[in-house]
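Undergrad: Data file target_3.cif (mmCIF, C-alpha atoms and all ligand atoms) is appended below.
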```
data_entry
#
loop_
_atom_site.label_atom_id
_atom_site.label_comp_id
_atom_site.auth_asym_id
_atom_site.auth_seq_id
_atom_site.Cartn_x
_atom_site.Cartn_y
_atom_site.Cartn_z
CA MET A 1476 194.90 208.28 302.87
CA PHE A 1477 196.35 206.59 299.81
CA PRO A 1478 193.96 203.92 298.45
CA LEU A 1479 196.55 201.16 298.35
CA THR A 1480 194.16 198.26 297.80
CA ILE A 1481 192.70 199.87 294.75
CA ILE A 1482 196.12 200.35 293.21
CA ILE A 1483 197.07 196.75 293.90
CA CYS A 1484 193.83 195.52 292.41
CA THR A 1485 194.36 197.66 289.36
CA VAL A 1486 197.86 196.36 288.93
CA ILE A 1487 196.70 192.76 289.20
CA PHE A 1488 193.87 193.37 286.79
CA TYR A 1489 196.21 195.04 284.31
CA LEU A 1490 198.64 192.13 284.47
CA GLN A 1491 195.82 189.69 283.87
CA CYS A 1492 194.86 191.66 280.81
CA ILE A 1493 198.38 191.45 279.44
CA VAL A 1494 198.58 187.73 280.09
CA LEU A 1495 195.21 187.19 278.42
CA ALA A 1496 196.25 189.26 275.43
CA SER A 1497 199.52 187.47 274.81
CA ASP A 1498 197.82 184.09 275.31
CA THR A 1499 195.37 184.91 272.56
CA HIS A 1500 197.95 185.47 269.92
CA LYS A 1501 200.06 182.54 270.97
CA ARG A 1502 197.18 180.13 270.48
CA GLY A 1503 195.45 181.69 267.51
CA PRO A 1504 196.47 181.52 263.88
CA ARG A 1505 199.80 183.02 262.89
CA PRO A 1506 199.35 186.72 262.03
CA LEU A 1507 199.48 187.99 258.47
CA VAL A 1508 201.04 191.07 256.90
CA LEU A 1509 199.83 192.40 253.55
CA TRP A 1510 201.69 194.80 251.24
CA HIS A 1511 199.49 196.28 248.52
CA GLY A 1512 200.47 196.89 244.90
CA LEU A 1513 201.10 199.93 242.73
CA GLY A 1514 198.09 202.22 242.42
CA ASP A 1515 196.53 200.79 245.56
CA SER A 1516 196.70 201.80 249.21
CA HIS A 1517 196.78 200.04 252.58
CA SER A 1518 193.12 200.74 253.33
CA SER A 1519 191.51 200.75 249.87
CA PRO A 1520 188.13 198.98 249.56
CA GLY A 1521 189.89 196.12 247.74
CA MET A 1522 192.44 195.61 250.50
CA VAL A 1523 189.83 195.83 253.24
CA GLU A 1524 187.68 193.31 251.40
CA PHE A 1525 190.60 190.94 250.91
CA ALA A 1526 191.48 191.09 254.60
CA GLY A 1527 187.83 190.36 255.39
CA LEU A 1528 187.82 187.29 253.16
CA ILE A 1529 190.95 185.97 254.83
CA LYS A 1530 189.34 186.44 258.24
CA GLU A 1531 186.48 184.22 257.09
CA VAL A 1532 188.96 181.53 256.13
CA HIS A 1533 191.06 181.91 259.30
CA PRO A 1534 188.80 183.20 262.10
CA GLY A 1535 190.62 185.28 264.68
CA ILE A 1536 193.65 186.00 262.50
CA PHE A 1537 195.46 189.29 263.08
CA ILE A 1538 196.11 191.14 259.81
CA HIS A 1539 198.26 194.20 259.30
CA SER A 1540 198.21 196.09 256.03
CA VAL A 1541 201.53 197.85 255.45
CA TYR A 1542 201.48 201.60 254.88
CA ILE A 1543 203.99 204.26 254.03
CA ASP A 1544 201.49 206.92 255.05
CA GLN A 1545 198.33 206.31 257.04
CA GLU A 1546 196.45 208.77 254.86
CA GLU A 1547 195.06 206.80 251.97
CA ASP A 1548 195.87 209.31 249.19
CA LYS A 1549 199.42 209.78 250.36
CA ASP A 1550 199.89 206.05 250.71
CA ARG A 1551 198.73 205.52 247.13
CA ARG A 1552 201.11 208.24 245.97
CA ALA A 1553 204.00 206.54 247.83
CA GLY A 1554 203.48 203.55 245.56
CA PHE A 1555 204.64 205.73 242.66
CA TYR A 1556 207.01 208.17 244.30
CA GLY A 1557 209.65 207.64 246.93
CA ASN A 1558 212.88 205.86 247.69
CA VAL A 1559 212.18 202.15 247.97
CA ASN A 1560 215.11 201.44 250.29
CA ASP A 1561 213.78 204.10 252.68
CA GLN A 1562 210.25 202.76 252.38
CA VAL A 1563 211.35 199.23 253.26
CA ALA A 1564 213.31 200.57 256.26
CA LEU A 1565 210.25 202.50 257.42
CA VAL A 1566 208.07 199.41 257.13
CA ALA A 1567 210.64 197.35 259.07
CA GLY A 1568 210.26 199.82 261.94
CA GLN A 1569 206.49 199.69 261.62
CA LEU A 1570 206.36 195.89 261.77
CA ALA A 1571 208.78 195.76 264.71
CA SER A 1572 206.49 198.09 266.68
CA ILE A 1573 203.37 195.91 266.38
CA MET A 1574 203.01 193.69 269.43
CA GLU A 1575 200.86 191.10 267.68
CA LEU A 1576 203.62 190.39 265.18
CA GLU A 1577 206.43 189.82 267.61
CA GLY A 1578 206.26 186.02 267.37
CA GLY A 1579 206.56 186.12 263.56
CA PHE A 1580 204.04 186.23 260.74
CA ASP A 1581 203.16 185.10 257.24
CA ALA A 1582 203.24 187.73 254.52
CA ILE A 1583 201.45 188.34 251.24
CA GLY A 1584 202.78 190.86 248.76
CA PHE A 1585 200.76 192.04 245.80
CA SER A 1586 202.72 192.98 242.71
CA GLN A 1587 205.56 195.35 243.72
CA GLY A 1588 204.63 194.77 247.37
CA GLY A 1589 206.01 191.26 246.86
CA GLN A 1590 209.58 192.26 246.11
CA PHE A 1591 209.40 194.89 248.85
CA LEU A 1592 208.44 192.22 251.39
CA ARG A 1593 211.28 190.07 250.10
CA ALA A 1594 213.60 193.01 250.75
CA TYR A 1595 212.25 193.14 254.30
CA VAL A 1596 213.01 189.45 254.78
CA GLU A 1597 216.53 189.73 253.41
CA ARG A 1598 217.51 192.91 255.23
CA TYR A 1599 215.55 192.91 258.48
CA ASN A 1600 213.34 189.90 259.21
CA GLU A 1601 212.79 190.89 262.83
CA PRO A 1602 210.10 189.85 263.50
CA LYS A 1603 210.54 186.86 261.30
CA VAL A 1604 208.50 185.89 258.25
CA ASN A 1605 207.31 182.29 258.10
CA ASN A 1606 205.76 181.93 254.62
CA LEU A 1607 206.12 184.62 251.96
CA ILE A 1608 203.55 184.61 249.17
CA THR A 1609 203.93 187.00 246.25
CA PHE A 1610 201.28 187.61 243.58
CA GLY A 1611 202.53 188.81 240.21
CA SER A 1612 205.65 190.40 241.70
CA GLN A 1613 208.64 191.66 239.75
CA HIS A 1614 211.45 189.72 241.40
CA MET A 1615 213.76 190.10 238.40
CA GLY A 1616 212.49 193.56 237.63
CA ILE A 1617 210.65 194.80 234.57
CA SER A 1618 211.89 195.54 231.07
CA ASP A 1619 209.19 198.14 230.51
CA ILE A 1620 207.42 200.59 232.81
CA PRO A 1621 203.84 199.36 233.39
CA ILE A 1622 201.16 200.89 231.19
CA CYS A 1623 198.68 203.07 233.06
CA GLY A 1624 194.91 203.18 233.10
CA ARG A 1625 193.54 205.84 230.76
CA TYR A 1626 192.48 208.19 233.56
CA ASP A 1627 195.27 207.43 235.98
CA LEU A 1628 197.11 210.74 235.86
CA LEU A 1629 199.40 209.98 238.78
CA CYS A 1630 200.55 206.84 237.01
CA GLN A 1631 200.92 208.54 233.63
CA ILE A 1632 203.12 211.31 234.97
CA ALA A 1633 205.31 208.79 236.79
CA ARG A 1634 205.53 206.65 233.67
CA ARG A 1635 206.51 209.54 231.46
CA ALA A 1636 209.16 210.67 233.92
CA ALA A 1637 210.53 207.16 234.25
CA ARG A 1638 210.73 206.55 230.53
CA GLY A 1639 212.58 209.82 230.07
CA SER A 1640 215.59 209.07 232.19
CA VAL A 1641 214.98 205.87 234.04
CA TYR A 1642 218.57 205.39 235.21
CA GLY A 1643 219.10 209.02 236.13
CA GLU A 1644 219.84 209.96 239.72
CA TRP A 1645 216.42 211.54 240.25
CA ALA A 1646 214.40 208.61 238.90
CA GLN A 1647 216.46 206.09 240.84
CA ASN A 1648 215.75 207.90 244.10
CA ASN A 1649 212.21 209.08 243.53
CA LEU A 1650 210.32 206.89 241.08
CA VAL A 1651 209.36 203.57 242.52
CA THR A 1652 209.05 201.61 239.27
CA ALA A 1653 212.44 202.90 238.10
CA GLN A 1654 213.98 201.21 241.12
CA TYR A 1655 213.10 197.78 239.78
CA PHE A 1656 213.49 198.60 236.09
CA ARG A 1657 216.00 196.18 234.63
CA ASN A 1658 216.41 196.50 230.93
CA PRO A 1659 218.65 193.81 229.43
CA ASP A 1660 219.71 196.13 226.60
CA ASN A 1661 221.23 198.52 229.09
CA TYR A 1662 222.41 196.11 231.74
CA ALA A 1663 225.70 197.82 232.59
CA THR A 1664 223.92 201.12 233.26
CA TYR A 1665 221.36 199.35 235.41
CA LEU A 1666 224.06 197.68 237.51
CA GLU A 1667 225.73 201.02 238.00
CA ALA A 1668 222.68 203.16 238.74
CA ASN A 1669 220.21 200.91 240.52
CA LYS A 1670 220.34 200.80 244.31
CA PHE A 1671 217.35 198.64 245.10
CA LEU A 1672 216.89 195.63 242.83
CA THR A 1673 220.63 195.12 242.29
CA SER A 1674 220.94 195.09 246.07
CA ILE A 1675 218.14 192.69 247.04
CA ASN A 1676 219.17 190.37 244.20
CA ASN A 1677 222.82 190.51 245.29
CA GLU A 1678 223.68 191.20 241.70
CA LYS A 1679 226.89 193.15 242.15
CA GLU A 1680 229.99 191.10 242.44
CA GLY A 1681 232.01 192.05 245.48
CA GLU A 1682 228.98 193.60 247.16
CA ARG A 1683 226.97 190.47 247.84
CA ASN A 1684 225.56 190.35 251.32
CA GLY A 1685 225.50 186.91 252.93
CA THR A 1686 222.87 188.00 255.45
CA TYR A 1687 220.35 188.44 252.61
CA ALA A 1688 220.84 184.84 251.50
CA LYS A 1689 220.76 183.52 255.04
CA ASN A 1690 217.56 185.39 255.85
CA LEU A 1691 215.75 184.40 252.67
CA ALA A 1692 216.73 180.77 253.15
CA SER A 1693 215.29 180.96 256.67
CA LEU A 1694 211.78 181.24 255.23
CA ASN A 1695 209.58 178.21 255.67
CA LYS A 1696 208.22 178.58 252.11
CA ILE A 1697 208.32 181.15 249.36
CA VAL A 1698 205.25 180.92 247.15
CA LEU A 1699 205.60 182.66 243.79
CA VAL A 1700 202.40 183.28 241.88
CA LEU A 1701 202.51 184.12 238.17
CA PHE A 1702 199.48 185.42 236.26
CA THR A 1703 199.21 183.40 233.06
CA GLU A 1704 197.93 186.33 230.93
CA ASP A 1705 199.94 189.05 232.63
CA LYS A 1706 200.61 191.86 230.17
CA THR A 1707 201.39 194.50 232.78
CA VAL A 1708 204.56 192.92 234.08
CA VAL A 1709 207.12 192.64 231.27
CA PRO A 1710 208.16 189.91 231.24
CA LYS A 1711 205.53 188.13 233.33
CA GLU A 1712 208.07 185.41 234.19
CA SER A 1713 209.65 187.93 236.56
CA SER A 1714 207.08 186.69 239.07
CA TRP A 1715 208.96 183.38 238.98
CA PHE A 1716 212.43 184.94 238.94
CA GLY A 1717 212.58 184.76 235.16
CA SER A 1718 213.94 187.59 233.05
CA GLU A 1719 214.76 188.50 229.49
CA ALA A 1720 218.24 187.35 228.49
CA ILE A 1721 220.99 189.89 228.79
CA PRO A 1722 222.77 190.00 225.43
CA GLY A 1723 226.27 188.57 225.81
CA ASP A 1724 226.27 187.83 229.53
CA ASP A 1725 223.36 185.42 229.69
CA GLU A 1726 223.99 183.90 226.26
CA VAL A 1727 227.50 182.78 227.13
CA GLY A 1728 226.55 181.79 230.66
CA MET A 1729 223.52 179.92 229.40
CA GLN A 1730 225.56 177.64 227.15
CA GLN A 1731 227.62 176.59 230.14
CA ARG A 1732 224.71 176.17 232.49
CA ILE A 1733 222.63 174.27 229.94
CA GLY A 1734 225.62 172.01 229.48
CA GLN A 1735 225.59 171.28 233.19
CA ARG A 1736 221.87 170.98 233.61
CA PRO A 1737 220.33 169.67 230.39
CA PHE A 1738 217.07 168.75 232.15
CA LEU A 1739 216.25 172.41 232.64
CA LEU A 1740 216.02 173.30 228.98
CA ASN A 1741 212.56 174.78 229.10
CA ILE A 1742 213.44 178.18 227.74
CA GLN A 1743 210.51 180.12 226.40
CA ARG A 1744 210.42 182.83 223.80
CA ARG A 1745 208.28 185.93 223.89
CA ASP A 1746 208.45 188.63 221.26
CA ASP A 1747 211.72 187.06 220.11
CA ARG A 1748 213.17 187.65 223.53
CA GLU A 1749 214.67 184.71 225.23
CA ILE A 1750 213.38 184.23 228.77
CA ILE A 1751 215.86 182.87 231.26
CA PRO A 1752 213.89 180.83 233.78
CA MET A 1753 214.68 180.92 237.49
CA ARG A 1754 216.78 177.79 237.60
CA LEU A 1755 219.07 179.07 234.84
CA GLN A 1756 219.63 182.49 236.39
CA ARG A 1757 223.10 183.08 237.79
CA LEU A 1758 221.36 184.47 240.85
CA TYR A 1759 220.01 180.94 241.30
CA THR A 1760 222.85 178.71 240.11
CA GLU A 1761 225.36 180.62 242.24
CA ASP A 1762 222.83 180.98 245.04
CA TRP A 1763 223.33 184.72 245.54
CA ILE A 1764 220.19 185.12 247.66
CA GLY A 1765 219.51 181.67 249.10
CA LEU A 1766 216.88 180.86 246.48
CA ARG A 1767 218.63 177.71 245.35
CA THR A 1768 218.96 176.56 248.96
CA LEU A 1769 215.21 177.02 249.41
CA ASP A 1770 214.43 175.26 246.14
CA THR A 1771 216.72 172.32 246.85
CA ARG A 1772 214.85 171.89 250.12
CA GLY A 1773 211.55 171.87 248.18
CA ASP A 1774 210.44 175.19 249.62
CA VAL A 1775 210.04 177.29 246.48
CA ILE A 1776 206.45 176.84 245.36
CA LEU A 1777 205.67 178.00 241.82
CA GLU A 1778 201.98 178.68 241.33
CA THR A 1779 199.87 180.24 238.59
CA CYS A 1780 196.64 182.19 238.60
CA GLU A 1781 194.69 182.31 235.34
CA GLY A 1782 194.26 185.80 234.02
CA GLU A 1783 195.76 189.25 233.58
CA HIS A 1784 197.92 190.95 236.22
CA MET A 1785 196.33 190.85 239.68
CA GLN A 1786 193.11 189.21 238.55
CA VAL A 1787 193.23 187.19 241.70
CA GLY A 1788 189.64 185.91 241.52
CA ASP A 1789 189.34 182.84 243.74
CA CYS A 1790 192.91 181.85 243.07
CA TRP A 1791 194.09 183.15 246.46
CA LYS A 1792 191.91 180.82 248.46
CA PRO A 1793 193.69 177.46 248.28
CA LEU A 1794 196.99 179.29 248.78
CA VAL A 1795 195.74 181.16 251.84
CA LEU A 1796 194.28 177.95 253.23
CA LYS A 1797 197.56 176.14 252.80
CA PHE A 1798 200.22 178.76 253.53
CA VAL A 1799 198.56 181.26 255.87
CA GLY A 1800 197.16 181.03 259.37
CA GLY A 1801 199.01 177.98 260.65
CA LYS A 1802 199.39 177.64 264.40
CA ALA A 1803 201.63 180.34 265.73
C1 LIG B 1901 224.36 193.11 255.06
O1 LIG B 1901 223.01 193.18 255.42
C2 LIG B 1901 222.78 193.31 256.81
C3 LIG B 1901 221.27 193.24 257.00
O2 LIG B 1901 220.60 194.24 256.31
C4 LIG B 1901 223.39 194.61 257.31
O3 LIG B 1901 223.18 194.72 258.70
C5 LIG B 1901 224.87 194.63 256.99
O4 LIG B 1901 225.41 195.86 257.33
C6 LIG B 1901 225.10 194.36 255.51
N1 LIG B 1901 226.52 194.20 255.28
C7 LIG B 1901 227.19 194.94 254.43
C8 LIG B 1901 228.63 194.63 254.27
O5 LIG B 1901 226.66 195.84 253.78
#
```
Could you write out this file's structure as structure tokens?
TA:
Amino acid sequence: MFPLTIIICTVIFYLQCIVLASDTHKRGPRPLVLWHGLGDSHSSPGMVEFAGLIKEVHPGIFIHSVYIDQEEDKDRRAGFYGNVNDQVALVAGQLASIMELEGGFDAIGFSQGGQFLRAYVERYNEPKVNNLITFGSQHMGISDIPICGRYDLLCQIARRAARGSVYGEWAQNNLVTAQYFRNPDNYATYLEANKFLTSINNEKEGERNGTYAKNLASLNKIVLVLFTEDKTVVPKESSWFGSEAIPGDDEVGMQQRIGQRPFLLNIQRRDDREIIPMRLQRLYTEDWIGLRTLDTRGDVILETCEGEHMQVGDCWKPLVLKFVGGKA
């Protein structure tokens, strides 16, 4: 005979389990997604340690560390090589498949992981990001390919390849850093060749995507952390949506914008290069990506950490206390 009672009991028990499980992550802290930086991987000792520290601050928090490949070596390699648009799409699928994240999450991006998470917000955002915190990210790109550690062969080969023909078809599809390389001396070529940063920054007239702006503006907060002594990210102000002036374009535009907004005249100089701060960028003044909307609402938080690129030290802690792990 068929043991009907046992099946019914099992079904009831199973349902109880599901109810218990979904209750837990409704009541607990909001989950967190991390995206590591260049040269790192999703499960490196540093990332595991960082996740552990956050769990001490927010007991019971669910944390997912984004990966392109679950194998650590391959994941590290994917930080140097690959098509960033494809990587972001892959991660969007990954995040959508994780049950614990379905009610939304906060996100922390380290270095390039920061602009990649921003791309996720603008293009996908299902499930939805609540607060986005980026540490030393290159939101306005880099004017030089980052210098590598002396023994970091993977990095050195990528760097050499990128410097050779950074706007070539191959580099733009296969070298990660090339896909956010934005050299003001060669701006027209960048606009033409680049398919990642030009896109998430809605830089191309006639191709601006309103969904990107709407999605970014739907964040609760965007927290932008700049490392005060950052010599890896050129210019370091990229972490705050600053960039080196584009000869011609920015100079003319700047005169007009400064005329309109004289209170924002805090332009800095570095190596004789003029740095256009966030609030004087056309991306901001014309609100291409919703950044001005967020800032007008008071939801762009500009923070600094003392030190060289990614010397996070204890700097993360007040930020994680304040912007991570709220009630889901
Ligand atoms: C704009 O972005 C959204 C979200 O990624 C996408 O679904 C849509 O196709 C894009 N629109 C255009 C015109 O490319």
Undergrad: Please, which residues in chain A fall within 7 Å of ligand LIG 1901 (chain B) when counting all atoms listed in the file, and what is the closest atom pair and distance in Å to one decimal for each, ordered by chain then residue number, as JSON lines?
TA:
```
{"residue": "A:Glu1597", "atom": "CA", "partner": "B:LIG1901", "partner_atom": "O2", "distance": 6.7}
{"residue": "A:Arg1598", "atom": "CA", "partner": "B:LIG1901", "partner_atom": "O2", "distance": 3.5}
{"residue": "A:Tyr1599", "atom": "CA", "partner": "B:LIG1901", "partner_atom": "O2", "distance": 5.7}
{"residue": "A:Asn1684", "atom": "CA", "partner": "B:LIG1901", "partner_atom": "C1", "distance": 4.8}
{"residue": "A:Gly1685", "atom": "CA", "partner": "B:LIG1901", "partner_atom": "C1", "distance": 6.7}
{"residue": "A:Thr1686", "atom": "CA", "partner": "B:LIG1901", "partner_atom": "O1", "distance": 5.2}
{"residue": "A:Tyr1687", "atom": "CA", "partner": "B:LIG1901", "partner_atom": "O1", "distance": 6.1}
```
Undergrad: At a cut-off of 9 Å, using all atoms listed in the file, what residues contact Val1559 of chain A? Leave out same-chain residues fewer than 6 positions from it and give the result as a compact mmCIF listing (two decimals) with C-alpha atoms, in the frame of the given file.
TA:
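Output saved as part.txt:
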```txt
# COMPACT_ATOMS: atom_id res chain seq x y z
CA PHE A 1591 209.40 194.89 248.85
CA ASN A 1648 215.75 207.90 244.10
CA ASN A 1649 212.21 209.08 243.53
CA LEU A 1650 210.32 206.89 241.08
CA VAL A 1651 209.36 203.57 242.52
CA GLN A 1654 213.98 201.21 241.12
CA PHE A 1671 217.35 198.64 245.10
```
Undergrad: Figure out the distance between atom CA of Thr1707 of chain A and atom CA of Pro1621 of chain A, please, to one decimal in Å.
TA: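 Straight-line distance from atom CA of Pro1621 of chain A to atom CA of Thr1707 of chain A works out to 5.5 Å.
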Undergrad: Of the residues A:Pro1534, A:Pro1506, A:Gly1801, A:Pro1710, which is the one nearest to Gly1578 of chain A, using all atoms listed in the file?
TA: A:Pro1506
Undergrad: Check the smallest atom-to-atom distance from each of A:Met1522, A:Val1795, A:Ile1750, A:Leu1576 to Ala1720 of chain A using all atoms listed in the file, then report the winner.
TA: A:Ile1750
Undergrad: With distances taken over all atoms listed in the file, which of A:Asn1605, A:Ser1519, A:Ser1718, A:Asn1600 is nearest to Val1563 of chain A?
TA: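 Of A:Asn1605, A:Ser1519, A:Ser1718, A:Asn1600, the one nearest Val1563 of chain A is A:Asn1600, counting all atoms listed in the file.
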Undergrad: Identify which of the residues A:Leu1691, A:Val1641, A:Leu1755, A:Met1785 lies closest to Leu1607 of chain A, counting all atoms listed in the file when measuring atom-to-atom distances.
TA: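 Between A:Leu1691, A:Val1641, A:Leu1755, A:Met1785, the residue approaching Leu1607 of chain A most closely is A:Leu1691.
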Undergrad: Considering only C-alpha atoms, return as a PyMOL selection string whatever protein or nucleic-acid residues lie within 10 Å of Ser1693 of chain A, sequence-local ones (same chain, fewer than 2 positions apart) excluded.
TA: chain A and resi 1596-1597+1600+1603-1606+1687-1691+1695-1696+1765+1768-1769
Undergrad: Can you measure atom CA of Thr1673 of chain A to atom CA of Ala1564 of chain A for me? One decimal in Å is fine.
TA: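 Taking atom CA of Thr1673 of chain A and atom CA of Ala1564 of chain A, their separation equals 16.7 Å.
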Undergrad: Between atom CA of Ala1646 of chain A and atom CA of Gly1624 of chain A, what is the distance, to one decimal in Å?
TA: 21.0 Å
Undergrad: Take the point (202.2, 186.4, 257.7) as written in the file and pick out every residue within 9 Å of it, counting only C-alpha atoms; give the list as a list in words.
TA: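 With a cut-off of 9 Å, the residues come to Arg1505, Pro1506, Leu1507, Val1508, Leu1509, Ile1538, His1539, Leu1576, Gly1579, Phe1580, Asp1581, Ala1582, Ile1583, Val1604, Asn1605, Asn1606, Leu1607, Ile1608, Phe1798, Val1799 and Gly1800 of chain A.
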Undergrad: The selected residues should be written to file as a PDB file, keeping the file's coordinate frame (atoms: C-alpha atoms).
TA:
```
ATOM      1  CA  ARG A1505     199.800 183.020 262.890  1.00  0.00           C
ATOM      2  CA  PRO A1506     199.350 186.720 262.030  1.00  0.00           C
ATOM      3  CA  LEU A1507     199.480 187.990 258.470  1.00  0.00           C
ATOM      4  CA  VAL A1508     201.040 191.070 256.900  1.00  0.00           C
ATOM      5  CA  LEU A1509     199.830 192.400 253.550  1.00  0.00           C
ATOM      6  CA  ILE A1538     196.110 191.140 259.810  1.00  0.00           C
ATOM      7  CA  HIS A1539     198.260 194.200 259.300  1.00  0.00           C
ATOM      8  CA  LEU A1576     203.620 190.390 265.180  1.00  0.00           C
ATOM      9  CA  GLY A1579     206.560 186.120 263.560  1.00  0.00           C
ATOM     10  CA  PHE A1580     204.040 186.230 260.740  1.00  0.00           C
ATOM     11  CA  ASP A1581     203.160 185.100 257.240  1.00  0.00           C
ATOM     12  CA  ALA A1582     203.240 187.730 254.520  1.00  0.00           C
ATOM     13  CA  ILE A1583     201.450 188.340 251.240  1.00  0.00           C
ATOM     14  CA  VAL A1604     208.500 185.890 258.250  1.00  0.00           C
ATOM     15  CA  ASN A1605     207.310 182.290 258.100  1.00  0.00           C
ATOM     16  CA  ASN A1606     205.760 181.930 254.620  1.00  0.00           C
ATOM     17  CA  LEU A1607     206.120 184.620 251.960  1.00  0.00           C
ATOM     18  CA  ILE A1608     203.550 184.610 249.170  1.00  0.00           C
ATOM     19  CA  PHE A1798     200.220 178.760 253.530  1.00  0.00           C
ATOM     20  CA  VAL A1799     198.560 181.260 255.870  1.00  0.00           C
ATOM     21  CA  GLY A1800     197.160 181.030 259.370  1.00  0.00           C
TER      22      GLY A1800
END
```
Undergrad: Skip segment 1664-1666 of chain A itself and residues of its chain fewer than 3 positions away, then list as a PyMOL selection string all residues within 10 Å of it, counting all atoms listed in the file.
TA: chain A and resi 1641-1643+1647+1653-1661+1669-1670+1672-1674+1678-1679
Undergrad: So which residues touch Glu1719 of chain A within 9 Å, counting only C-alpha atoms, skipping near sequence neighbours fewer than 2 positions away, as a PyMOL selection string?
TA: chain A and resi 1618+1658-1659+1709-1710+1712-1713+1717+1721+1745+1748-1752
Undergrad: Could you give me, as number ranges by chain, the residues that have an atom at most 12 Å away from the point (200.6, 207.2, 248.7) in the coordinates of the file, using all atoms listed in the file?
TA: A: 1511-1519, 1541-1557, 1562, 1629-1630, 1651
Undergrad: Which one of A:Cys1623, A:Ala1567, A:Leu1794, A:Leu1766 sits closest to Cys1780 of chain A if you count all atoms listed in the file?
TA: A:Leu1794
